[in-house]
Amino acid sequence: HQGTAVLILSELHSGSFGDYALYRGKWEETAAQLQLSGACCAFGISGLTDDLNLLRAKYNEAADSLQYIKFHVQQNIIFADDTIHLNSNPMPDSALEPVLQAVKQTELSNHIPQAVERLLAVACSYRVEPATIALSRLVFELSRTAELNADVQHSGFLDNYQHIWQIQSYDKLWNWIVDSCYTAHERIASMSAVQTKSFAGEAICYIRDHYDDSRLSLNALADKLSLSPAYLSRLIADEVNCSFPDFVNLLRLEQAQMLLVTELGLDIREIAEKVGYNSSTYFTTQFKKCYGVTPSKWRMNHILQKQNLPD
């Protein structure tokens, strides 16, 4: 096979194959020397046999062992005997959850590389098939969360599985999963920004249309938009640069300011009610705080200015 060398060993001396520690030690020494030399290689080591008819089976055993290299950081040798007792059960969803949470939550995005590293450390304790299936599910879930490849969900999973199966090194697998995480994170963040803008715009429009309703409140509007009051308050503040009460109050006072000079037949109490205040006293206090004069004084000043205008 291209890029593959098969080494068939003979005994150093009669009976030396019976010294399994020596056998392992020689392989580990060879792998370490090549790694130090800068050579890029990986070793899958089969078990021992003295039956020539089992050479093909032992070759497959060694080749299968190479699949485990990708789960081990800074390790370029795997013994088939060490894979026999690995967990053959499916990897639990809980093993994937820290990575998914790091992707979905902006404040955790810096932890994505470490989360993937920990996940691969967990994969080391599983046989290659369930580990590959779990990692394929992870990347598939990332794409589905970000609404990518939504129309080819099944083929997407199989493509991920085949891609992971063909990866031969830890660094390539780690980089591919981390890149998939950041791609999903950026898409989710972008979608969230659009959705946030939409919620903010809807909230502002509703407030502008209903500021004169004395029952208007942050909690009621949050219920209407199916958002938490705290989150809605932050959206409004980011959009209009002031709090929900201040924004509502400003709209009411601006409308009152206009009514004071266009609806001279309405008294102060009626104008207060018309713009959403339950109390004319509170209205007067807020108006003076904003404009420096009482509503009555504002109206009187306007009337006097109008009378003094030349015909």
# chains A, B, ... in the order shown; residues from 1 in each chain; ligands from 1
$ residues_around --residues "Ser180 in chain A" --least-positions-apart "2" --cutoff "12 Å" --atoms "only C-alpha atoms" --output "short mmCIF file (atom, residue, chain, number, x, y, z; two decimals) with C-alpha atoms, in the first residue's frame"
data_model
loop_
_atom_site.label_atom_id
_atom_site.label_comp_id
_atom_site.auth_asym_id
_atom_site.auth_seq_id
_atom_site.Cartn_x
_atom_site.Cartn_y
_atom_site.Cartn_z
CA VAL A 99 -17.72 20.86 23.05
CA LEU A 100 -21.26 21.74 21.94
CA VAL A 103 -19.60 26.34 20.51
CA ILE A 112 -13.15 25.13 22.17
CA PRO A 113 -9.57 23.84 21.58
CA VAL A 116 -11.86 19.10 21.75
CA LEU A 135 -17.02 12.27 16.58
CA SER A 136 -19.06 12.01 13.37
CA LEU A 138 -20.50 15.72 16.95
CA VAL A 139 -19.58 17.32 13.62
CA PHE A 140 -23.01 16.47 12.25
CA GLU A 141 -24.66 18.11 15.27
CA LEU A 142 -22.49 21.18 14.78
CA SER A 143 -23.62 21.51 11.18
CA ARG A 144 -27.26 20.93 12.11
CA THR A 145 -27.08 23.45 14.97
CA ALA A 146 -25.74 26.05 12.57
CA LEU A 148 -25.80 23.84 7.52
CA ASN A 160 -17.99 12.81 8.38
CA LEU A 173 -8.19 15.25 13.46
CA TRP A 174 -7.93 17.92 16.19
CA ASN A 175 -7.60 20.73 13.65
CA TRP A 176 -10.56 19.47 11.59
CA ILE A 177 -12.89 19.23 14.60
CA VAL A 178 -11.75 22.60 15.99
CA TYR A 182 -15.45 27.60 14.98
CA THR A 183 -17.34 27.51 11.68
CA ALA A 184 -20.50 26.53 13.57
CA HIS A 185 -19.80 29.09 16.31
CA GLU A 186 -19.43 31.93 13.80
CA ARG A 187 -22.63 30.89 12.00
#
$ atom_distance --atom1 "CA of Glu263 in chain A" --atom2 "CA of Ile303 in chain A"
11.9 Å
$ select_by_dssp --residues "range 40-258 of chain A" --states "strand (DSSP E)" --output "JSON, numbers by chain"
{"A": [43, 44, 45, 77, 78, 79]}
$ atom_distance --atom1 "CA of Lys197 in chain A" --atom2 "CA of Glu239 in chain A"
8.4 Å
$ select_by_dssp --residues "range 136-262 of chain A" --states "helix (DSSP H, G or I)" --output "PyMOL selection string"
chain A and resi 136-145+150-166+170-210+218-225+229-240+244-262
$ closest_residue --among "A:Leu52, A:Val6, A:Cys181, A:Leu253" --to "His111 in chain A" --atoms "only C-alpha atoms"
A:Cys181
$ closest_atom_pairs --of "range 48-127 of chain A" --to "range 163-171 of chain A" --cutoff "9 Å" --atoms "only C-alpha atoms" --output "Markdown table"
| residue | atom | partner | partner_atom | distance |
| --- | --- | --- | --- | --- |
| A:Leu66 | CA | A:Gln168 | CA | 7.6 |
| A:Gln67 | CA | A:Gln168 | CA | 6.9 |
| A:Tyr68 | CA | A:Gln168 | CA | 8.7 |
| A:Ile69 | CA | A:Ser169 | CA | 6.2 |
| A:Lys70 | CA | A:Tyr170 | CA | 3.9 |
| A:Phe71 | CA | A:Tyr170 | CA | 5.7 |
| A:His72 | CA | A:Tyr170 | CA | 6.2 |
| A:Val73 | CA | A:Tyr170 | CA | 5.8 |
| A:Gln74 | CA | A:Tyr170 | CA | 7.7 |
| A:Gln75 | CA | A:Tyr170 | CA | 8.5 |
| A:Asn76 | CA | A:Ser169 | CA | 8.6 |
| A:Leu120 | CA | A:Tyr170 | CA | 8.8 |
$ write_last_selection --atoms "N, CA and C atoms" --output "mmCIF file, in the first residue's frame"
data_model
loop_
_atom_site.group_PDB
_atom_site.id
_atom_site.type_symbol
_atom_site.label_atom_id
_atom_site.label_comp_id
_atom_site.auth_asym_id
_atom_site.auth_seq_id
_atom_site.Cartn_x
_atom_site.Cartn_y
_atom_site.Cartn_z
ATOM 1 N N LEU A 66 -3.515 1.183 13.540
ATOM 2 C CA LEU A 66 -3.144 2.531 13.118
ATOM 3 C C LEU A 66 -4.299 3.518 13.248
ATOM 4 N N GLN A 67 -5.539 3.006 13.227
ATOM 5 C CA GLN A 67 -6.702 3.883 13.346
ATOM 6 C C GLN A 67 -6.742 4.591 14.709
ATOM 7 N N TYR A 68 -6.076 4.021 15.704
ATOM 8 C CA TYR A 68 -6.112 4.601 17.046
ATOM 9 C C TYR A 68 -5.114 5.738 17.231
ATOM 10 N N ILE A 69 -4.136 5.838 16.324
ATOM 11 C CA ILE A 69 -3.106 6.877 16.453
ATOM 12 C C ILE A 69 -3.738 8.260 16.532
ATOM 13 N N LYS A 70 -4.789 8.489 15.742
ATOM 14 C CA LYS A 70 -5.400 9.826 15.632
ATOM 15 C C LYS A 70 -6.026 10.311 16.935
ATOM 16 N N PHE A 71 -6.294 9.399 17.871
ATOM 17 C CA PHE A 71 -6.911 9.792 19.141
ATOM 18 C C PHE A 71 -5.876 10.104 20.219
ATOM 19 N N HIS A 72 -4.616 9.826 19.949
ATOM 20 C CA HIS A 72 -3.561 9.952 20.966
ATOM 21 C C HIS A 72 -2.623 11.093 20.614
ATOM 22 N N VAL A 73 -2.539 12.070 21.488
ATOM 23 C CA VAL A 73 -1.665 13.209 21.260
ATOM 24 C C VAL A 73 -0.211 12.791 21.495
ATOM 25 N N GLN A 74 0.655 13.180 20.576
ATOM 26 C CA GLN A 74 2.095 12.929 20.666
ATOM 27 C C GLN A 74 2.412 11.443 20.891
ATOM 28 N N GLN A 75 1.700 10.590 20.176
ATOM 29 C CA GLN A 75 1.985 9.156 20.253
ATOM 30 C C GLN A 75 1.941 8.603 18.840
ATOM 31 N N ASN A 76 2.990 7.870 18.469
ATOM 32 C CA ASN A 76 3.041 7.360 17.092
ATOM 33 C C ASN A 76 3.116 5.844 17.031
ATOM 34 N N LEU A 120 -11.053 14.087 22.726
ATOM 35 C CA LEU A 120 -10.193 13.076 22.117
ATOM 36 C C LEU A 120 -9.516 12.209 23.182
#
$ closest_residue --among "A:Val194, A:Cys290, A:Ala57, A:Ala203" --to "Arg252 in chain A" --atoms "only C-alpha atoms"
A:Cys290
$ atom_distance --atom1 "CA of Ile207 in chain A" --atom2 "CA of Ala220 in chain A"
11.3 Å
